[in-house]
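Enquirer: Here you go, query_4.cif (mmCIF, C-alpha atoms):
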data_data
#
loop_
_atom_site.group_PDB
_atom_site.id
_atom_site.type_symbol
_atom_site.label_atom_id
_atom_site.label_comp_id
_atom_site.auth_asym_id
_atom_site.auth_seq_id
_atom_site.Cartn_x
_atom_site.Cartn_y
_atom_site.Cartn_z
ATOM 1 C CA LYS A 26 -3.303 13.102 3.470
ATOM 2 C CA ALA A 27 -1.642 13.688 0.119
ATOM 3 C CA GLY A 28 -0.358 10.650 -1.735
ATOM 4 C CA VAL A 29 2.934 10.101 -3.486
ATOM 5 C CA THR A 30 3.504 12.825 -6.055
ATOM 6 C CA GLN A 31 5.655 12.301 -9.117
ATOM 7 C CA THR A 32 6.706 14.936 -11.608
ATOM 8 C CA PRO A 33 6.658 15.247 -14.504
ATOM 9 C CA ARG A 34 3.895 12.841 -15.475
ATOM 10 C CA TYR A 35 4.933 12.653 -19.114
ATOM 11 C CA LEU A 36 8.090 13.574 -20.917
ATOM 12 C CA ILE A 37 9.782 12.974 -24.238
ATOM 13 C CA LYS A 38 13.549 12.911 -24.692
ATOM 14 C CA THR A 39 15.945 11.923 -27.445
ATOM 15 C CA ARG A 40 18.726 9.365 -27.302
ATOM 16 C CA GLY A 41 21.819 10.592 -25.533
ATOM 17 C CA GLN A 42 20.018 13.132 -23.377
ATOM 18 C CA GLN A 43 19.580 12.829 -19.650
ATOM 19 C CA VAL A 44 16.458 13.071 -17.522
ATOM 20 C CA THR A 45 15.629 13.772 -13.889
ATOM 21 C CA LEU A 46 12.430 12.553 -12.285
ATOM 22 C CA SER A 47 11.114 13.754 -8.963
ATOM 23 C CA CYS A 48 9.144 12.049 -6.211
ATOM 24 C CA SER A 49 7.566 13.482 -3.084
ATOM 25 C CA PRO A 50 6.589 10.742 -0.629
ATOM 26 C CA ILE A 51 3.624 10.677 1.689
ATOM 27 C CA SER A 52 4.209 12.966 4.639
ATOM 28 C CA GLY A 53 6.046 11.067 7.365
ATOM 29 C CA HIS A 54 7.309 8.337 5.050
ATOM 30 C CA ARG A 55 11.073 8.068 5.074
ATOM 31 C CA SER A 56 11.701 5.263 2.601
ATOM 32 C CA VAL A 57 11.445 5.862 -1.126
ATOM 33 C CA SER A 58 11.801 3.177 -3.786
ATOM 34 C CA TRP A 59 11.857 3.416 -7.557
ATOM 35 C CA TYR A 60 10.595 0.868 -10.074
ATOM 36 C CA GLN A 61 10.730 0.708 -13.848
ATOM 37 C CA GLN A 62 7.730 -0.720 -15.695
ATOM 38 C CA THR A 63 7.981 -1.817 -19.339
ATOM 39 C CA PRO A 64 5.821 -4.143 -21.453
ATOM 40 C CA GLY A 65 8.736 -6.472 -22.019
ATOM 41 C CA GLN A 66 10.409 -6.641 -18.622
ATOM 42 C CA GLY A 67 7.483 -5.814 -16.356
ATOM 43 C CA LEU A 68 8.059 -4.160 -13.003
ATOM 44 C CA GLN A 69 11.684 -4.054 -11.934
ATOM 45 C CA PHE A 70 13.212 -2.644 -8.776
ATOM 46 C CA LEU A 71 15.675 0.182 -9.339
ATOM 47 C CA PHE A 72 16.729 1.350 -5.863
ATOM 48 C CA GLU A 73 15.570 2.235 -2.363
ATOM 49 C CA TYR A 74 16.566 5.238 -0.295
ATOM 50 C CA PHE A 75 16.207 5.781 3.414
ATOM 51 C CA SER A 76 17.546 8.729 5.382
ATOM 52 C CA GLU A 77 19.347 10.066 2.306
ATOM 53 C CA THR A 78 21.251 6.794 1.831
ATOM 54 C CA GLN A 79 20.822 4.225 -0.879
ATOM 55 C CA ARG A 80 19.950 1.022 0.964
ATOM 56 C CA ASN A 81 19.269 -1.278 -1.926
ATOM 57 C CA LYS A 82 19.950 -1.347 -5.628
ATOM 58 C CA GLY A 83 18.519 -3.396 -8.465
ATOM 59 C CA ASN A 84 20.307 -4.753 -11.484
ATOM 60 C CA PHE A 85 20.510 -1.639 -13.631
ATOM 61 C CA PRO A 86 23.528 0.030 -15.253
ATOM 62 C CA GLY A 87 25.276 2.951 -13.647
ATOM 63 C CA ARG A 88 23.432 5.366 -15.957
ATOM 64 C CA PHE A 89 20.582 5.054 -13.494
ATOM 65 C CA SER A 90 21.167 6.949 -10.277
ATOM 66 C CA GLY A 91 19.170 8.540 -7.551
ATOM 67 C CA ARG A 92 19.307 10.533 -4.384
ATOM 68 C CA GLN A 93 17.181 11.457 -1.450
ATOM 69 C CA PHE A 94 17.007 14.786 0.309
ATOM 70 C CA SER A 95 16.644 15.556 3.999
ATOM 71 C CA ASN A 96 12.893 16.083 3.558
ATOM 72 C CA SER A 97 12.646 12.541 2.110
ATOM 73 C CA ARG A 98 11.930 13.789 -1.403
ATOM 74 C CA SER A 99 13.792 11.776 -3.993
ATOM 75 C CA GLU A 100 15.040 12.203 -7.525
ATOM 76 C CA MET A 101 16.254 9.687 -10.026
ATOM 77 C CA ASN A 102 18.434 10.464 -12.987
ATOM 78 C CA VAL A 103 19.057 8.564 -16.180
ATOM 79 C CA SER A 104 22.012 9.701 -18.255
ATOM 80 C CA THR A 105 22.807 8.970 -21.892
ATOM 81 C CA LEU A 106 19.285 7.826 -22.625
ATOM 82 C CA GLU A 107 18.694 4.790 -24.808
ATOM 83 C CA LEU A 108 15.531 3.768 -26.626
ATOM 84 C CA GLY A 109 15.092 0.915 -24.155
ATOM 85 C CA ASP A 110 14.785 3.366 -21.285
ATOM 86 C CA SER A 111 11.295 4.261 -22.466
ATOM 87 C CA ALA A 112 9.130 3.179 -19.562
ATOM 88 C CA LEU A 113 6.824 4.143 -16.766
ATOM 89 C CA TYR A 114 8.939 5.019 -13.726
ATOM 90 C CA LEU A 115 7.110 4.475 -10.475
ATOM 91 C CA CYS A 116 8.050 5.862 -7.113
ATOM 92 C CA ALA A 117 6.810 4.275 -3.913
ATOM 93 C CA SER A 118 7.080 5.364 -0.329
ATOM 94 C CA SER A 119 6.800 3.532 2.949
ATOM 95 C CA LEU A 120 7.114 4.421 6.587
ATOM 96 C CA GLU A 121 10.479 2.904 7.223
ATOM 97 C CA GLN A 122 13.246 0.827 5.856
ATOM 98 C CA GLY A 123 12.817 -2.886 6.363
ATOM 99 C CA GLY A 124 9.137 -2.449 6.886
ATOM 100 C CA THR A 125 6.375 -4.823 5.921
ATOM 101 C CA GLY A 126 6.674 -4.060 2.225
ATOM 102 C CA GLU A 127 3.460 -2.083 2.132
ATOM 103 C CA LEU A 128 4.405 0.430 -0.498
ATOM 104 C CA PHE A 129 2.344 3.378 -1.611
ATOM 105 C CA PHE A 130 2.867 4.148 -5.270
ATOM 106 C CA GLY A 131 2.640 7.365 -7.218
ATOM 107 C CA GLU A 132 1.019 7.544 -10.648
ATOM 108 C CA GLY A 133 4.380 7.406 -12.354
ATOM 109 C CA SER A 134 6.412 9.385 -14.838
ATOM 110 C CA ARG A 135 6.069 8.098 -18.379
ATOM 111 C CA LEU A 136 9.306 8.591 -20.285
ATOM 112 C CA THR A 137 9.474 8.233 -24.036
ATOM 113 C CA VAL A 138 12.905 8.178 -25.660
ATOM 114 C CA LEU A 139 13.017 8.931 -29.398
ATOM 115 C CA ALA B 25 16.580 -15.820 -5.123
ATOM 116 C CA GLN B 26 12.943 -14.945 -4.974
ATOM 117 C CA SER B 27 10.562 -15.113 -7.916
ATOM 118 C CA VAL B 28 6.878 -14.932 -8.733
ATOM 119 C CA THR B 29 4.945 -16.669 -11.485
ATOM 120 C CA GLN B 30 1.490 -15.530 -12.442
ATOM 121 C CA LEU B 31 -0.374 -18.104 -14.505
ATOM 122 C CA GLY B 32 -2.332 -16.494 -17.303
ATOM 123 C CA SER B 33 -1.459 -13.085 -18.664
ATOM 124 C CA HIS B 34 -5.125 -12.482 -19.541
ATOM 125 C CA VAL B 35 -8.229 -13.649 -17.709
ATOM 126 C CA SER B 36 -11.757 -12.906 -18.851
ATOM 127 C CA VAL B 37 -14.863 -13.406 -16.700
ATOM 128 C CA SER B 38 -18.502 -12.466 -16.827
ATOM 129 C CA GLU B 39 -19.891 -9.910 -14.440
ATOM 130 C CA GLY B 40 -21.001 -11.744 -11.302
ATOM 131 C CA ALA B 41 -18.691 -14.715 -11.904
ATOM 132 C CA LEU B 42 -15.886 -15.905 -9.668
ATOM 133 C CA VAL B 43 -12.517 -14.243 -10.167
ATOM 134 C CA LEU B 44 -9.448 -16.456 -9.682
ATOM 135 C CA LEU B 45 -5.980 -15.096 -10.425
ATOM 136 C CA ARG B 46 -3.126 -17.505 -9.831
ATOM 137 C CA CYS B 47 0.233 -16.748 -8.256
ATOM 138 C CA ASN B 48 3.068 -19.076 -7.312
ATOM 139 C CA TYR B 49 6.203 -17.907 -5.575
ATOM 140 C CA SER B 50 9.682 -19.097 -4.856
ATOM 141 C CA SER B 51 11.529 -17.934 -1.767
ATOM 142 C CA SER B 52 14.324 -19.305 0.402
ATOM 143 C CA VAL B 53 13.040 -17.366 3.402
ATOM 144 C CA PRO B 54 9.556 -16.953 4.832
ATOM 145 C CA PRO B 55 8.051 -14.539 2.344
ATOM 146 C CA TYR B 56 5.826 -11.568 2.550
ATOM 147 C CA LEU B 57 3.322 -11.707 -0.313
ATOM 148 C CA PHE B 58 1.237 -8.995 -1.902
ATOM 149 C CA TRP B 59 -1.367 -8.365 -4.540
ATOM 150 C CA TYR B 60 -1.424 -4.969 -6.196
ATOM 151 C CA VAL B 61 -3.867 -3.621 -8.779
ATOM 152 C CA GLN B 62 -3.111 -1.130 -11.525
ATOM 153 C CA TYR B 63 -5.789 0.786 -13.407
ATOM 154 C CA PRO B 64 -4.937 2.402 -16.758
ATOM 155 C CA ASN B 65 -2.552 5.332 -16.484
ATOM 156 C CA GLN B 66 -2.269 4.972 -12.741
ATOM 157 C CA GLY B 67 0.197 3.645 -10.215
ATOM 158 C CA LEU B 68 -0.207 0.481 -8.178
ATOM 159 C CA GLN B 69 -2.643 0.129 -5.307
ATOM 160 C CA LEU B 70 -2.244 -2.489 -2.594
ATOM 161 C CA LEU B 71 -5.122 -4.960 -2.508
ATOM 162 C CA LEU B 72 -3.889 -7.186 0.302
ATOM 163 C CA LYS B 73 -0.774 -8.564 1.947
ATOM 164 C CA TYR B 74 0.380 -11.694 3.769
ATOM 165 C CA THR B 75 3.001 -11.168 6.458
ATOM 166 C CA SER B 76 3.009 -14.532 8.288
ATOM 167 C CA ALA B 77 -0.150 -14.044 10.297
ATOM 168 C CA ALA B 78 -3.453 -15.579 9.141
ATOM 169 C CA THR B 79 -3.120 -17.614 5.957
ATOM 170 C CA LEU B 80 -6.439 -16.319 4.591
ATOM 171 C CA VAL B 81 -6.047 -12.642 3.925
ATOM 172 C CA LYS B 82 -8.912 -10.293 3.169
ATOM 173 C CA GLY B 83 -8.295 -7.156 1.187
ATOM 174 C CA ILE B 84 -10.124 -4.239 -0.280
ATOM 175 C CA ASN B 85 -12.969 -4.382 -2.795
ATOM 176 C CA GLY B 86 -14.017 -7.885 -1.733
ATOM 177 C CA PHE B 87 -10.790 -9.620 -2.730
ATOM 178 C CA GLU B 88 -9.070 -12.265 -0.655
ATOM 179 C CA ALA B 89 -6.093 -14.575 -1.009
ATOM 180 C CA GLU B 90 -4.941 -17.729 0.709
ATOM 181 C CA PHE B 91 -1.303 -18.484 1.496
ATOM 182 C CA LYS B 92 -0.530 -22.157 0.931
ATOM 183 C CA LYS B 93 3.024 -22.970 1.871
ATOM 184 C CA SER B 94 2.835 -26.569 0.672
ATOM 185 C CA GLU B 95 1.813 -25.384 -2.794
ATOM 186 C CA THR B 96 3.908 -22.177 -2.702
ATOM 187 C CA SER B 97 0.800 -20.375 -3.897
ATOM 188 C CA PHE B 98 -1.013 -17.159 -3.108
ATOM 189 C CA HIS B 99 -4.022 -17.091 -5.425
ATOM 190 C CA LEU B 100 -6.353 -14.092 -5.488
ATOM 191 C CA THR B 101 -10.114 -14.591 -5.515
ATOM 192 C CA LYS B 102 -13.312 -12.585 -5.521
ATOM 193 C CA PRO B 103 -16.711 -14.301 -5.402
ATOM 194 C CA SER B 104 -18.488 -11.966 -7.797
ATOM 195 C CA ALA B 105 -16.782 -9.819 -10.419
ATOM 196 C CA HIS B 106 -17.806 -6.238 -11.073
ATOM 197 C CA MET B 107 -17.126 -4.249 -14.210
ATOM 198 C CA SER B 108 -14.961 -1.941 -12.110
ATOM 199 C CA ASP B 109 -12.585 -4.851 -11.355
ATOM 200 C CA ALA B 110 -11.188 -4.701 -14.893
ATOM 201 C CA ALA B 111 -7.524 -3.844 -14.411
ATOM 202 C CA GLU B 112 -4.077 -5.429 -14.270
ATOM 203 C CA TYR B 113 -3.175 -7.384 -11.171
ATOM 204 C CA PHE B 114 0.321 -8.025 -9.896
ATOM 205 C CA CYS B 115 1.489 -10.552 -7.344
ATOM 206 C CA ALA B 116 4.702 -9.678 -5.508
ATOM 207 C CA VAL B 117 7.059 -11.217 -2.969
ATOM 208 C CA SER B 118 9.586 -9.669 -0.614
ATOM 209 C CA GLY B 119 11.772 -10.668 2.303
ATOM 210 C CA GLY B 120 14.904 -11.939 0.659
ATOM 211 C CA THR B 121 18.330 -10.373 0.770
ATOM 212 C CA GLY B 122 16.847 -7.132 -0.476
ATOM 213 C CA GLY B 123 14.691 -6.743 2.576
ATOM 214 C CA TYR B 124 10.971 -6.358 2.822
ATOM 215 C CA ASN B 125 10.692 -3.137 0.868
ATOM 216 C CA LYS B 126 12.222 -4.647 -2.272
ATOM 217 C CA LEU B 127 9.335 -6.207 -4.131
ATOM 218 C CA ILE B 128 9.773 -8.841 -6.819
ATOM 219 C CA PHE B 129 6.745 -8.688 -9.090
ATOM 220 C CA GLY B 130 5.121 -11.221 -11.328
ATOM 221 C CA ALA B 131 4.435 -10.387 -14.958
ATOM 222 C CA GLY B 132 0.864 -9.382 -14.209
ATOM 223 C CA THR B 133 -2.580 -10.659 -15.170
ATOM 224 C CA ARG B 134 -4.955 -8.449 -17.081
ATOM 225 C CA LEU B 135 -8.518 -9.056 -15.946
ATOM 226 C CA ALA B 136 -11.371 -8.316 -18.325
ATOM 227 C CA VAL B 137 -14.964 -8.326 -17.078
ATOM 228 C CA HIS B 138 -17.728 -8.534 -19.644
ATOM 229 C CA PRO B 139 -21.468 -8.016 -19.169
#
As a first step, turn the structure in this file into structure tokens.

Expert:
Amino acid sequence: KAGVTQTPRYLIKTRGQQVTLSCSPISGHRSVSWYQQTPGQGLQFLFEYFSETQRNKGNFPGRFSGRQFSNSRSEMNVSTLELGDSALYLCASSLEQGGTGELFFGEGSRLTVL
Amino acid sequence: AQSVTQLGSHVSVSEGALVLLRCNYSSSVPPYLFWYVQYPNQGLQLLLKYTSAATLVKGINGFEAEFKKSETSFHLTKPSAHMSDAAEYFCAVSGGTGGYNKLIFGAGTRLAVHP
């Protein structure tokens, strides 16, 4: 069974640009969550999607957005990039919303903003 | 609000020694608690979870953790460290207003294992 797949694995952008990251969950998983990992702030919850609807949102500015498609694949977008957006963005999938919190993580997309 | 405190950002042990990584949580509702491990340039892998069943939880790779409500702790232990255990370990809590799939992570503890 394939795990959570995130693309791209690495990318470099400049301030002011926007970026889109993609996540394919484990087959059969319908909930997708996104986390940001930085040395200074650690792991922080961005949002959770279930059945194409955002069910939960963390404390991030509106520049961070996401969506989920009917096949459960998810994308997140960051507009008007800032230096502080440099981070490892992790996607996690689980079987259902409101589950037991057992999340399966991808290897992440490492974003560098110059 | 829920929170997690991991005591010690770096822990160093000898191969074969006991591993003890400390985690204390704060939660206004009965929590679910987790330990995840992260190897360099990889995502997080679940080691074990507590979801209100047995208070002593056994996980993968010989790790276990004990839920102590009176101490609001969920410390991770392994009797004998292996070189392959060197990684960063994260304690996490869920179950608050964000639901059980919204994890609040601690700052992490980097475990070093030396020969």

Enquirer: Sort by chain and increasing residue number a table of all residues of stretch 42-105 of chain B within 6 Å of stretch 112-117 of chain B, each with its closest pair of atoms and their distance in Å to one decimal, counting all atoms listed in the file, and write it as a Markdown table.

Expert:
| residue | atom | partner | partner_atom | distance |
| --- | --- | --- | --- | --- |
| B:Tyr56 | CA | B:Val117 | CA | 5.7 |
| B:Leu57 | CA | B:Val117 | CA | 4.6 |
| B:Phe58 | CA | B:Ala116 | CA | 5.0 |
| B:Trp59 | CA | B:Cys115 | CA | 4.6 |
| B:Tyr60 | CA | B:Phe114 | CA | 5.1 |
| B:Val61 | CA | B:Tyr113 | CA | 4.5 |
| B:Gln62 | CA | B:Glu112 | CA | 5.2 |

Enquirer: Quick one: residues within 9 Å of A:Met101, only C-alpha atoms, excluding same-chain residues fewer than 2 positions away - as a CSV table (one decimal) with C-alpha atoms, keeping the file's coordinate frame?

Expert:
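In the end it all went to part29.csv:
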chain,number,residue,atom,x,y,z
A,44,VAL,CA,16.5,13.1,-17.5
A,45,THR,CA,15.6,13.8,-13.9
A,46,LEU,CA,12.4,12.6,-12.3
A,47,SER,CA,11.1,13.8,-9.0
A,48,CYS,CA,9.1,12.0,-6.2
A,59,TRP,CA,11.9,3.4,-7.6
A,89,PHE,CA,20.6,5.1,-13.5
A,90,SER,CA,21.2,6.9,-10.3
A,91,GLY,CA,19.2,8.5,-7.6
A,92,ARG,CA,19.3,10.5,-4.4
A,93,GLN,CA,17.2,11.5,-1.4
A,99,SER,CA,13.8,11.8,-4.0
A,103,VAL,CA,19.1,8.6,-16.2

Enquirer: Select residues of chain A: the criterion is any atom within 12 Å of an atom of chain B, counting only C-alpha atoms; output as a PyMOL selection string.

Expert: chain A and resi 28-31+34-35+55-75+80-84+113-135

Enquirer: Quick one, how far is atom CA of B:Leu31 from atom CA of B:Cys47?

Expert: 6.4 Å

Enquirer: From the list A:Gln42, A:Ile37, A:Thr32, A:Thr105, which residue is nearest A:Arg88 when using only C-alpha atoms?

Expert: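 For A:Arg88, the nearest of the given residues is A:Thr105.
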
Enquirer: Identify which of the residues A:Pro33, A:Glu77, A:Arg98, A:Pro86 lies closest to A:Ile51, counting only C-alpha atoms when measuring atom-to-atom distances.

Expert: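 The closest residue to A:Ile51 is A:Arg98.
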
Enquirer: For A:Thr39, which residue among A:Leu106, A:Ala27, A:Ala112, A:Leu136 is the nearest when counting all atoms listed in the file?

Expert: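 So, comparing all the options, the nearest one is A:Leu106.
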
Enquirer: For the PyMOL selection byres ((chain B and resi 95-103) around 8), applied here, can you spell out every residue it catches as a PyMOL selection string?

Expert: chain B and resi 40-50+57+59+86-94+104-105

Enquirer: Would you export the selected residues with C-alpha atoms as a short mmCIF file (atom, residue, chain, number, x, y, z; two decimals), in the coordinates of the input, please?

Expert:
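The new file out_20.cif reads:
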data_model
loop_
_atom_site.label_atom_id
_atom_site.label_comp_id
_atom_site.auth_asym_id
_atom_site.auth_seq_id
_atom_site.Cartn_x
_atom_site.Cartn_y
_atom_site.Cartn_z
CA GLY B 40 -21.00 -11.74 -11.30
CA ALA B 41 -18.69 -14.72 -11.90
CA LEU B 42 -15.89 -15.90 -9.67
CA VAL B 43 -12.52 -14.24 -10.17
CA LEU B 44 -9.45 -16.46 -9.68
CA LEU B 45 -5.98 -15.10 -10.42
CA ARG B 46 -3.13 -17.50 -9.83
CA CYS B 47 0.23 -16.75 -8.26
CA ASN B 48 3.07 -19.08 -7.31
CA TYR B 49 6.20 -17.91 -5.58
CA SER B 50 9.68 -19.10 -4.86
CA LEU B 57 3.32 -11.71 -0.31
CA TRP B 59 -1.37 -8.36 -4.54
CA GLY B 86 -14.02 -7.88 -1.73
CA PHE B 87 -10.79 -9.62 -2.73
CA GLU B 88 -9.07 -12.26 -0.66
CA ALA B 89 -6.09 -14.58 -1.01
CA GLU B 90 -4.94 -17.73 0.71
CA PHE B 91 -1.30 -18.48 1.50
CA LYS B 92 -0.53 -22.16 0.93
CA LYS B 93 3.02 -22.97 1.87
CA SER B 94 2.84 -26.57 0.67
CA SER B 104 -18.49 -11.97 -7.80
CA ALA B 105 -16.78 -9.82 -10.42
#
